[in-house]
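Peer 1: Pasting a structure below so you can have a look.
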Amino acid sequence: MALTTVAVSLHPLLSRPASILRCGRRLPPLLLRATSSSSTSSSSTASAPDFNITFAEPAPSKKASSPAPSAQPLVPWIVRGEDGKPRLSTSPPPEVFQAIELAEEEAKKKAKKESLKSQKGAFVAAAANASVKVRDKKAAPAAPPKFSKAARRFYNENIREREPQRLAKVLAAAGVASRRSSEELIFQGKVTVNGSVCTSPQTKVDISKDSIYVNGNRISKKLPPKLYFAVNKPKGYICSSGEESKSVVSLFNDYLKGWNKTQPGLPKPRLFTVGRLDVATTGLIIVTNDGEFAQKLAHPSSNVTKEYVVTIDGAVHKKHLITISEGTKIDGVKCIPDLVELLAAQSDTRKTRLRIVVHEGRNHEVRELVQNAGLQVYALKRVRIGRFRLPADLG
């Protein structure tokens, strides 16, 4: 033969219509010629037919003076046609796109499975860490929870009052007497609980369930509401909860007389002053029936500041201010003021005024500080307790 012939047996990939043989480079024109051998035709078992592939001579290259226009490289596809014979094609068959789509879907499903598996592992690890933290938290001593002011107020007004409390505290809250006087009534056997005489002030009672009598008078099942008043104490009145005619509490006589009309069904509150002011001292004082509030406000450990305006009879010099600011001993305790300030002179008087701020609030503390400096107090007025200042228009 004039041409070189290469015999190639049909590859198993070309036995299926969806199989493809793709060449990675451009090939010269192919001449396909199917041949059959006598040995194969006579065989009893059918075998794959052979065909010859002959390569033609390459085309001569053109001169560099006339370069050919650039074209997209042709990638031939050898596929099996409908007649079952292989043929050349410039585009892949539709089965190729289907196979690519199936492969992409399989890859997405596999990636999704891996992602879910990793998320599940992370969730299991987080759950394990959370369980460890819970065990550690249970092992450690639990700190008391912090609640807002509104939550604490709701608890005190609606829940705490319903819990069993000490008998002396219940009597004081019901307005029978002060806590100390209530303890004396209990010791004297004048208080009965559910028909039995009780002589222990620490006995826990529930005012809404237990029947309590004092001197034969039954205590109401309801407690009076908590009341808080700011009073501009006048000169000559004492801070006593007794029945004195010129006590600060006596200023509320008219208010308490109409209590049954304004608050029907509720017992009258027992009012008392928070702390004390001297008979000659004027200014702000708090009146309430809340014993816990009064204790917190009046006790020196609360460090609630109190501001006074002192009118001095005589001249005040720098050495006096230094002496006052250094403090003095009262009942064996050194008391030092937080602030000592000289105020501007007023047009209606020539007397000097000082502003003194203290936080302990001991008995006669401001007067002792001024007198220790060699000054004479003409007038003393309290104008502020904590953040509450005496209103200027309060008579």
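Chain labels A, B, ... are given in the sequence in which chains occur in the structure tokens; within each chain residues are numbered consecutively from 1, and ligands are likewise numbered from 1 in the order shown.
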Could you pull out the residues in segment 273-341 of chain A that DSSP calls strand (DSSP E or B) from the backbone, as a PDB file with C-alpha atoms, in the first residue's frame?

Peer 2:
```
ATOM      1  CA  THR A 273     -39.260  61.093 112.244  1.00  0.00           C
ATOM      2  CA  VAL A 274     -36.087  59.796 110.578  1.00  0.00           C
ATOM      3  CA  THR A 282     -35.095  74.162 111.678  1.00  0.00           C
ATOM      4  CA  GLY A 283     -35.206  72.742 108.206  1.00  0.00           C
ATOM      5  CA  LEU A 284     -35.632  69.424 106.420  1.00  0.00           C
ATOM      6  CA  ILE A 285     -36.664  66.276 108.254  1.00  0.00           C
ATOM      7  CA  ILE A 286     -38.242  63.098 106.883  1.00  0.00           C
ATOM      8  CA  VAL A 287     -41.403  61.616 108.435  1.00  0.00           C
ATOM      9  CA  THR A 288     -42.412  58.061 107.518  1.00  0.00           C
ATOM     10  CA  LYS A 306     -26.525  66.166 105.176  1.00  0.00           C
ATOM     11  CA  GLU A 307     -26.078  69.851 104.416  1.00  0.00           C
ATOM     12  CA  TYR A 308     -26.573  72.619 106.981  1.00  0.00           C
ATOM     13  CA  VAL A 309     -26.541  76.413 106.790  1.00  0.00           C
ATOM     14  CA  VAL A 310     -25.133  77.895 110.010  1.00  0.00           C
ATOM     15  CA  THR A 311     -25.656  81.565 110.861  1.00  0.00           C
ATOM     16  CA  ILE A 312     -22.778  82.828 113.056  1.00  0.00           C
ATOM     17  CA  THR A 328     -13.575  67.420 116.704  1.00  0.00           C
ATOM     18  CA  LYS A 329     -14.360  64.476 118.978  1.00  0.00           C
ATOM     19  CA  ILE A 330     -18.004  63.723 119.768  1.00  0.00           C
ATOM     20  CA  VAL A 333     -15.356  59.555 117.964  1.00  0.00           C
ATOM     21  CA  LYS A 334     -13.453  61.972 115.740  1.00  0.00           C
ATOM     22  CA  CYS A 335     -15.942  63.699 113.407  1.00  0.00           C
ATOM     23  CA  LEU A 339     -17.213  70.475 103.399  1.00  0.00           C
ATOM     24  CA  VAL A 340     -16.866  73.834 105.126  1.00  0.00           C
ATOM     25  CA  GLU A 341     -17.617  76.885 103.001  1.00  0.00           C
TER      26      GLU A 341
END
```

Peer 1: When you draw a straight line from atom CA of Ser301 of chain A to atom CA of Ser178 of chain A, how long is it in Å?

Peer 2: 22.1 Å

Peer 1: From the DSSP assignment of the backbone, select every residue of segment 144-361 of chain A that is alpha helix (DSSP H), and format the answer as a ChimeraX atom specification.

Peer 2: /A:149-158,167-173,179-187,253-257,259-262,291-298,318-326

Peer 1: Write out the residues from the selection above, keeping N, CA and C atoms, as a compact mmCIF listing (two decimals), in the first residue's frame.

Peer 2:
```txt
# COMPACT_ATOMS: atom_id res chain seq x y z
N LYS A 149 -34.51 48.02 90.34
CA LYS A 149 -35.24 48.69 91.42
C LYS A 149 -36.73 48.39 91.35
N ALA A 150 -37.26 48.34 90.12
CA ALA A 150 -38.69 48.06 89.97
C ALA A 150 -39.02 46.65 90.46
N ALA A 151 -38.13 45.68 90.17
CA ALA A 151 -38.38 44.31 90.62
C ALA A 151 -38.31 44.21 92.14
N ARG A 152 -37.33 44.89 92.75
CA ARG A 152 -37.23 44.86 94.21
C ARG A 152 -38.43 45.55 94.85
N ARG A 153 -38.89 46.66 94.26
CA ARG A 153 -40.05 47.35 94.81
C ARG A 153 -41.29 46.46 94.73
N PHE A 154 -41.47 45.76 93.58
CA PHE A 154 -42.62 44.88 93.44
C PHE A 154 -42.55 43.73 94.44
N TYR A 155 -41.35 43.21 94.67
CA TYR A 155 -41.19 42.12 95.63
C TYR A 155 -41.52 42.58 97.05
N ASN A 156 -41.02 43.75 97.40
CA ASN A 156 -41.25 44.25 98.76
C ASN A 156 -42.72 44.57 99.02
N GLU A 157 -43.42 45.07 98.00
CA GLU A 157 -44.80 45.49 98.19
C GLU A 157 -45.80 44.35 98.05
N ASN A 158 -45.48 43.34 97.23
CA ASN A 158 -46.47 42.32 96.93
C ASN A 158 -46.13 40.93 97.44
N LEU A 167 -43.02 38.78 115.03
CA LEU A 167 -44.23 39.36 115.61
C LEU A 167 -44.01 40.83 115.96
N ALA A 168 -42.86 41.18 116.53
CA ALA A 168 -42.61 42.58 116.89
C ALA A 168 -42.60 43.47 115.66
N LYS A 169 -42.04 42.97 114.58
CA LYS A 169 -42.00 43.76 113.35
C LYS A 169 -43.39 43.94 112.77
N VAL A 170 -44.22 42.92 112.85
CA VAL A 170 -45.59 43.02 112.33
C VAL A 170 -46.39 44.04 113.13
N LEU A 171 -46.23 44.03 114.45
CA LEU A 171 -46.96 45.00 115.28
C LEU A 171 -46.52 46.43 114.97
N ALA A 172 -45.21 46.62 114.78
CA ALA A 172 -44.73 47.97 114.45
C ALA A 172 -45.24 48.41 113.08
N ALA A 173 -45.25 47.49 112.10
CA ALA A 173 -45.75 47.85 110.76
C ALA A 173 -47.24 48.11 110.77
N ARG A 179 -41.04 49.38 117.41
CA ARG A 179 -40.62 47.99 117.54
C ARG A 179 -40.20 47.67 118.98
N ARG A 180 -39.53 48.60 119.62
CA ARG A 180 -39.13 48.36 121.00
C ARG A 180 -40.34 48.31 121.93
N SER A 181 -41.30 49.20 121.73
CA SER A 181 -42.51 49.17 122.57
C SER A 181 -43.33 47.93 122.28
N SER A 182 -43.32 47.46 121.04
CA SER A 182 -44.04 46.23 120.72
C SER A 182 -43.42 45.03 121.42
N GLU A 183 -42.09 45.00 121.52
CA GLU A 183 -41.44 43.92 122.25
C GLU A 183 -41.84 43.93 123.72
N GLU A 184 -41.95 45.12 124.30
CA GLU A 184 -42.37 45.21 125.70
C GLU A 184 -43.79 44.70 125.88
N LEU A 185 -44.68 45.02 124.91
CA LEU A 185 -46.05 44.51 125.00
C LEU A 185 -46.07 42.98 124.92
N ILE A 186 -45.20 42.42 124.09
CA ILE A 186 -45.15 40.96 123.96
C ILE A 186 -44.63 40.33 125.24
N PHE A 187 -43.58 40.91 125.82
CA PHE A 187 -43.03 40.36 127.07
C PHE A 187 -44.04 40.43 128.21
N ASN A 253 -51.79 65.76 112.62
CA ASN A 253 -53.04 65.39 113.28
C ASN A 253 -54.25 65.56 112.37
N ASP A 254 -54.30 66.67 111.66
CA ASP A 254 -55.43 66.89 110.75
C ASP A 254 -55.44 65.87 109.62
N TYR A 255 -54.25 65.51 109.16
CA TYR A 255 -54.17 64.52 108.08
C TYR A 255 -54.66 63.15 108.55
N LEU A 256 -54.32 62.76 109.77
CA LEU A 256 -54.71 61.44 110.27
C LEU A 256 -56.18 61.40 110.69
N LYS A 257 -56.76 62.56 111.03
CA LYS A 257 -58.17 62.57 111.41
C LYS A 257 -59.06 62.16 110.23
N TRP A 259 -58.25 60.09 107.92
CA TRP A 259 -57.70 58.88 107.30
C TRP A 259 -58.79 57.87 106.93
N ASN A 260 -59.74 57.65 107.83
CA ASN A 260 -60.77 56.65 107.56
C ASN A 260 -61.63 57.01 106.36
N LYS A 261 -61.72 58.30 106.06
CA LYS A 261 -62.50 58.70 104.89
C LYS A 261 -61.70 58.57 103.61
N THR A 262 -60.45 58.91 103.69
CA THR A 262 -59.62 58.85 102.48
C THR A 262 -59.10 57.45 102.19
N GLY A 291 -39.92 51.51 108.80
CA GLY A 291 -38.82 51.38 109.74
C GLY A 291 -37.49 51.05 109.08
N GLU A 292 -37.50 50.16 108.08
CA GLU A 292 -36.25 49.79 107.41
C GLU A 292 -35.65 50.98 106.67
N PHE A 293 -36.50 51.75 106.03
CA PHE A 293 -36.02 52.94 105.33
C PHE A 293 -35.41 53.94 106.32
N ALA A 294 -36.07 54.14 107.44
CA ALA A 294 -35.57 55.08 108.44
C ALA A 294 -34.23 54.62 109.01
N GLN A 295 -34.08 53.31 109.22
CA GLN A 295 -32.83 52.79 109.75
C GLN A 295 -31.68 53.01 108.78
N LYS A 296 -31.91 52.75 107.51
CA LYS A 296 -30.86 52.93 106.51
C LYS A 296 -30.48 54.40 106.35
N LEU A 297 -31.46 55.27 106.44
CA LEU A 297 -31.20 56.69 106.21
C LEU A 297 -30.52 57.35 107.40
N ALA A 298 -30.86 56.93 108.60
CA ALA A 298 -30.36 57.62 109.79
C ALA A 298 -29.05 57.04 110.32
N LYS A 318 -10.28 83.03 108.74
CA LYS A 318 -9.75 81.83 108.10
C LYS A 318 -9.40 80.76 109.11
N LYS A 319 -8.87 81.16 110.25
CA LYS A 319 -8.47 80.18 111.27
C LYS A 319 -9.68 79.41 111.80
N HIS A 320 -10.84 80.07 111.84
CA HIS A 320 -12.06 79.38 112.26
C HIS A 320 -12.45 78.28 111.25
N LEU A 321 -12.36 78.61 109.98
CA LEU A 321 -12.69 77.62 108.95
C LEU A 321 -11.74 76.43 109.01
N ILE A 322 -10.44 76.70 109.25
CA ILE A 322 -9.47 75.61 109.34
C ILE A 322 -9.77 74.71 110.54
N THR A 323 -10.11 75.32 111.65
CA THR A 323 -10.42 74.54 112.86
C THR A 323 -11.65 73.67 112.66
N ILE A 324 -12.68 74.22 112.01
CA ILE A 324 -13.90 73.43 111.75
C ILE A 324 -13.60 72.27 110.82
N SER A 325 -12.80 72.54 109.78
CA SER A 325 -12.50 71.49 108.80
C SER A 325 -11.63 70.38 109.39
N GLU A 326 -10.89 70.66 110.44
CA GLU A 326 -10.08 69.62 111.08
C GLU A 326 -10.91 68.69 111.94
```

Peer 1: Considering only C-alpha atoms, state which residue in the set A:Arg389, A:Arg87, A:Arg270, A:His359 is at the smallest distance from Pro337 of chain A.

Peer 2: A:His359

Peer 1: Smallest atom-to-atom distance to Leu251 of chain A: which of A:Lys233, A:Lys351, A:Lys204, A:Lys117, using only C-alpha atoms?

Peer 2: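 The answer is A:Lys233, which sits nearest to Leu251 of chain A.
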
Peer 1: For atom CA of His299 of chain A and atom CA of Tyr378 of chain A, quote the distance in Å rounded to one decimal.

Peer 2: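 Computing it gives 27.5 Å between the two atoms.
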
Peer 1: From the list A:Tyr237, A:Ala373, A:Asn232, A:Lys381, which residue is nearest Arg355 of chain A when using only C-alpha atoms?

Peer 2: A:Lys381

Peer 1: A:Val377, A:Val304, A:Ala345, A:Leu116: which is nearest Gly361 of chain A, counting only C-alpha atoms?

Peer 2: A:Val304
